[in-house]
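Engineer: Supplied structure: query39.cif, mmCIF, C-alpha atoms.
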```
data_protein
loop_
_atom_site.label_atom_id
_atom_site.label_comp_id
_atom_site.auth_asym_id
_atom_site.auth_seq_id
_atom_site.Cartn_x
_atom_site.Cartn_y
_atom_site.Cartn_z
CA MET A 1 4.79 -7.78 -13.67
CA GLN A 2 4.05 -6.31 -10.28
CA SER A 3 4.07 -2.57 -9.67
CA PHE A 4 5.86 -0.99 -6.76
CA ILE A 5 4.56 1.11 -3.88
CA ILE A 6 7.48 2.50 -1.90
CA LYS A 7 7.23 3.54 1.75
CA LEU A 8 9.13 6.83 1.89
CA GLU A 9 10.70 7.97 5.13
CA ASN A 10 12.31 11.04 3.57
CA GLN A 11 12.43 12.74 0.21
CA ASP A 12 14.55 10.52 -1.99
CA ASP A 13 14.78 12.12 -5.45
CA GLU A 14 16.36 9.00 -6.94
CA LEU A 15 13.31 6.94 -5.94
CA ILE A 16 10.83 9.64 -6.92
CA ASN A 17 12.30 9.72 -10.42
CA ASP A 18 12.41 5.92 -10.76
CA GLU A 19 10.05 5.00 -13.59
CA LYS A 20 9.42 1.50 -12.17
CA ILE A 21 7.65 2.96 -9.12
CA CYS A 22 3.99 3.91 -9.52
CA CYS A 23 3.08 5.05 -6.01
CA TYR A 24 4.57 6.23 -2.74
CA LEU A 25 3.36 5.74 0.80
CA ILE A 26 4.27 8.05 3.64
CA ASP A 27 3.44 7.65 7.30
CA SER A 28 1.48 10.28 9.17
CA SER A 29 4.64 10.99 11.18
CA TYR A 30 6.30 12.40 8.04
CA LYS A 31 7.41 15.98 8.62
CA LYS A 32 4.28 18.07 7.93
CA THR A 33 6.09 20.95 6.21
CA ALA A 34 7.72 18.50 3.78
CA ILE A 35 4.52 16.76 2.65
CA THR A 36 3.23 19.30 0.12
CA PRO A 37 6.60 19.79 -1.64
CA LEU A 38 7.01 16.00 -1.78
CA ALA A 39 3.49 15.54 -3.15
CA ASP A 40 4.12 18.20 -5.79
CA LYS A 41 7.27 16.38 -6.98
CA ILE A 42 5.49 13.04 -7.07
CA HIS A 43 2.44 14.44 -8.88
CA LYS A 44 4.72 16.05 -11.51
CA GLN A 45 5.92 12.50 -12.26
CA ASP A 46 2.25 11.44 -12.74
CA LYS A 47 2.49 9.12 -9.75
CA LEU A 48 0.39 8.70 -6.63
CA ILE A 49 1.13 9.48 -3.01
CA LEU A 50 -0.79 7.83 -0.19
CA VAL A 51 -0.59 8.30 3.56
CA GLY A 52 -0.98 5.79 6.37
CA GLY A 53 -1.04 5.93 10.14
CA LYS A 54 -2.79 8.09 12.70
CA ASP A 55 -4.81 10.97 11.23
CA ALA A 56 -4.11 9.77 7.67
CA ASP A 57 -7.53 11.01 6.53
CA GLU A 58 -6.87 14.56 7.74
CA ILE A 59 -3.38 14.63 6.23
CA CYS A 60 -4.74 13.29 2.94
CA ARG A 61 -7.30 16.10 2.68
CA GLU A 62 -5.08 18.86 4.03
CA HIS A 63 -2.19 18.14 1.65
CA ASN A 64 -4.30 17.01 -1.34
CA LEU A 65 -2.83 13.51 -1.39
CA ASP A 66 -4.25 10.72 -3.50
CA GLY A 67 -5.53 8.49 -0.73
CA VAL A 68 -4.86 6.51 2.40
CA VAL A 69 -3.69 3.08 3.49
CA ILE A 70 -5.13 1.71 6.69
CA GLU A 71 -4.59 -1.50 8.57
CA VAL A 72 -7.62 -3.27 9.95
CA VAL A 73 -7.49 -5.53 12.96
CA GLU A 74 -9.81 -8.32 14.00
CA ASP A 75 -11.81 -6.47 16.64
CA VAL A 76 -12.76 -3.45 14.50
CA PRO A 77 -16.02 -3.37 12.52
CA TYR A 78 -14.44 -3.13 9.06
CA LYS A 79 -17.44 -1.88 7.13
CA LYS A 80 -18.14 1.00 9.49
CA LYS A 81 -14.50 2.09 9.60
CA ILE A 82 -14.11 2.00 5.81
CA LEU A 83 -17.38 3.86 5.18
CA GLU A 84 -16.39 6.57 7.66
CA LEU A 85 -12.96 6.84 6.04
CA ARG A 86 -14.42 7.11 2.54
CA GLY A 87 -16.66 9.94 3.79
CA LYS A 88 -13.73 11.75 5.43
CA ILE A 89 -11.30 11.65 2.49
CA GLY A 90 -13.92 12.20 -0.21
CA ASN A 91 -14.71 10.51 -3.48
CA GLY A 92 -12.01 10.07 -6.07
CA ARG A 93 -9.34 9.22 -3.53
CA PHE A 94 -7.80 5.79 -3.10
CA ILE A 95 -8.14 3.48 -0.13
CA GLY A 96 -5.74 0.64 0.41
CA ILE A 97 -6.41 -1.75 3.24
CA ILE A 98 -3.87 -3.97 4.97
CA CYS A 99 -5.94 -6.97 5.92
CA PRO A 100 -5.25 -9.86 8.31
CA LEU A 101 -4.40 -13.20 6.68
CA GLN A 102 -7.96 -14.43 7.12
CA ARG A 103 -10.51 -15.30 4.45
CA HIS A 104 -13.41 -13.80 6.39
CA ALA A 105 -11.62 -10.49 6.91
CA ALA A 106 -10.59 -10.35 3.23
CA MET A 107 -14.18 -10.96 2.11
CA ILE A 108 -15.64 -8.26 4.37
CA VAL A 109 -12.95 -5.73 3.45
CA SER A 110 -13.40 -6.45 -0.27
CA GLU A 111 -17.15 -5.90 -0.05
CA MET A 112 -16.33 -2.26 0.70
CA GLU A 113 -14.49 -2.03 -2.65
CA PRO A 114 -11.17 -0.47 -1.70
CA GLU A 115 -8.74 0.18 -4.53
CA PHE A 116 -6.47 -2.58 -3.21
CA VAL A 117 -6.20 -5.07 -0.38
CA ALA A 118 -2.74 -5.76 1.02
CA PHE A 119 -1.57 -8.77 2.96
CA ARG A 120 1.39 -8.72 5.36
CA VAL A 121 3.58 -11.81 5.15
CA ASP A 122 3.74 -12.98 8.73
CA ASN A 123 3.50 -16.60 7.60
CA ARG A 124 4.70 -17.33 4.07
CA ASP A 125 2.60 -20.44 3.44
CA LYS A 126 -0.58 -18.94 4.84
CA ALA A 127 -0.01 -15.73 2.85
CA ALA A 128 0.45 -17.72 -0.37
CA GLU A 129 -2.74 -19.67 0.31
CA ILE A 130 -4.85 -16.59 1.17
CA ILE A 131 -3.53 -14.53 -1.76
CA SER A 132 -4.17 -17.35 -4.22
CA TRP A 133 -7.70 -17.81 -2.87
CA TYR A 134 -8.30 -14.04 -2.88
CA ASN A 135 -7.22 -13.64 -6.51
CA GLU A 136 -9.57 -16.42 -7.62
CA LEU A 137 -12.60 -14.73 -6.04
CA PHE A 138 -12.02 -10.98 -6.24
CA LEU A 139 -11.23 -8.50 -8.98
CA ILE A 140 -9.96 -5.91 -6.50
CA GLN A 141 -6.23 -5.46 -6.82
CA SER A 142 -3.99 -7.09 -4.26
CA ALA A 143 -0.69 -6.16 -2.67
CA VAL A 144 1.80 -7.77 -0.37
CA LEU A 145 4.21 -6.29 2.16
CA SER A 146 6.86 -7.79 4.37
CA GLY A 147 6.01 -8.91 7.85
CA LYS A 148 7.52 -11.29 10.39
CA GLU A 149 8.70 -13.84 7.84
CA GLU A 150 11.36 -12.86 5.35
CA CYS A 151 10.88 -14.04 1.79
CA ASP A 152 11.01 -12.79 -1.78
CA LEU A 153 7.74 -10.87 -2.14
CA ARG A 154 7.84 -11.26 -5.93
CA GLU A 155 6.81 -14.90 -5.52
CA PHE A 156 3.29 -13.85 -4.53
CA ASP A 157 0.73 -13.32 -7.29
CA THR A 158 -0.21 -9.73 -6.45
CA ASP A 159 -0.60 -6.52 -8.41
CA PHE A 160 1.64 -4.50 -6.08
CA LEU A 161 4.63 -4.94 -3.81
CA ILE A 162 4.76 -2.49 -0.90
CA LEU A 163 8.44 -2.07 -0.06
CA THR A 164 10.76 0.05 2.01
CA PRO A 165 13.43 1.89 0.00
CA GLN A 166 16.01 -0.64 1.23
CA GLU A 167 13.86 -3.64 0.20
CA TYR A 168 13.31 -2.05 -3.21
CA LYS A 169 17.01 -1.36 -3.79
CA ILE A 170 17.92 -4.94 -2.81
CA LEU A 171 15.25 -6.31 -5.15
CA VAL A 172 16.48 -4.15 -8.05
CA ALA A 173 20.10 -5.16 -7.40
CA LYS A 174 19.15 -8.87 -7.40
CA LYS A 175 17.22 -8.47 -10.64
CA GLU A 176 20.09 -6.62 -12.32
CA ARG A 177 22.48 -9.36 -11.26
CA LEU A 178 20.23 -11.98 -12.83
CA ASP A 179 19.83 -10.02 -16.08
#
```
Now that the file is in, can you turn its structure into structure tokens?

Structural biologist:
Amino acid sequence: MQSFIIKLENQDDELINDEKICCYLIDSSYKKTAITPLADKIHKQDKLILVGGKDADEICREHNLDGVVIEVVEDVPYKKKILELRGKIGNGRFIGIICPLQRHAAMIVSEMEPEFVAFRVDNRDKAAEIISWYNELFLIQSAVLSGKEECDLREFDTDFLILTPQEYKILVAKKERLD
């Protein structure tokens, strides 16, 4: 069964206490004064909190978060960016990378051994093909998040689903209806 990473936009105690969720992702635009209290609540639940967006590395260090999630684009030298990021956030912290739906990009990113590689579903068929190929070749955990094309993210063979609170609540409601 896939684990859930929830993108928090505000402190939602119901989601923080949800035992099905293993990790939370905040954006660097999250209110700075609310980050440490949020991280404390999440850490008390023995869960992880990651940060993405501009200055994620600084926020991660400053607020003692568990790691960062970055998105790489085609024209950026992946290896250099990931090595610099690892140096900035320090050892023992997690790096998740949102990777383009390209085999070459996935191979290069995976060589840098992030904790997980995530794929955005901009094209359902291509995402299914790349994720299947990726899982055959790499032991690094994989994740999927919604993109331009709407579909049930559970259909992808990944370790994690990265969801908004609304996506998560809809998914849980559908599952409860089926049970």

Engineer: Tell me which residues the PyMOL selection byres ((chain A and resi 164) around 12) grabs here, as JSON, numbers by chain.

Structural biologist: {"A": [4, 5, 6, 7, 8, 9, 10, 12, 15, 21, 24, 25, 26, 27, 145, 146, 147, 161, 162, 163, 165, 166, 167, 168, 169, 170, 171]}

Engineer: Using Å and a single decimal, report how far atom CA of Phe160 of chain A sits from atom CA of Gly96 of chain A.

Structural biologist: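 Going from atom CA of Gly96 of chain A over to atom CA of Phe160 of chain A covers 11.1 Å.
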
Engineer: Expressed in Å to a single decimal, how great is the separation between atom CA of Lys20 of chain A and atom CA of Ile131 of chain A?

Structural biologist: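 Separation between atom CA of Lys20 of chain A and atom CA of Ile131 of chain A: 23.1 Å.
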
Engineer: Is there a way to get, as a list in words, all residues within 9 Å of the point (-13.0, -10.4, -1.7) in file coordinates, counting only C-alpha atoms?

Structural biologist: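 Selection result: Arg103, His104, Ala105, Ala106, Met107, Ile108, Val109, Ser110, Glu111, Glu113, Val117, Tyr134, Asn135, Leu137, Phe138, Leu139 and Ile140 of chain A.
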
Engineer: Name the closest residue to Glu155 of chain A among the candidates A:Glu136, A:Arg61, A:Gln2, A:Lys81; distances are taken between atoms, counting only C-alpha atoms.

Structural biologist: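 With only C-alpha atoms as the atom set, the closest residue is A:Gln2.
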
Engineer: What does the structure give for the distance between atom CA of Gly52 of chain A and atom CA of Lys174 of chain A, in Å to one decimal?

Structural biologist: 28.5 Å

Engineer: In terms of the shortest atom-to-atom distance over all atoms listed in the file, which of A:Ala56, A:Glu19, A:Tyr30, A:Arg93 is closest to Ile42 of chain A?

Structural biologist: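 Among the listed residues, the smallest separation from Ile42 of chain A belongs to A:Glu19.
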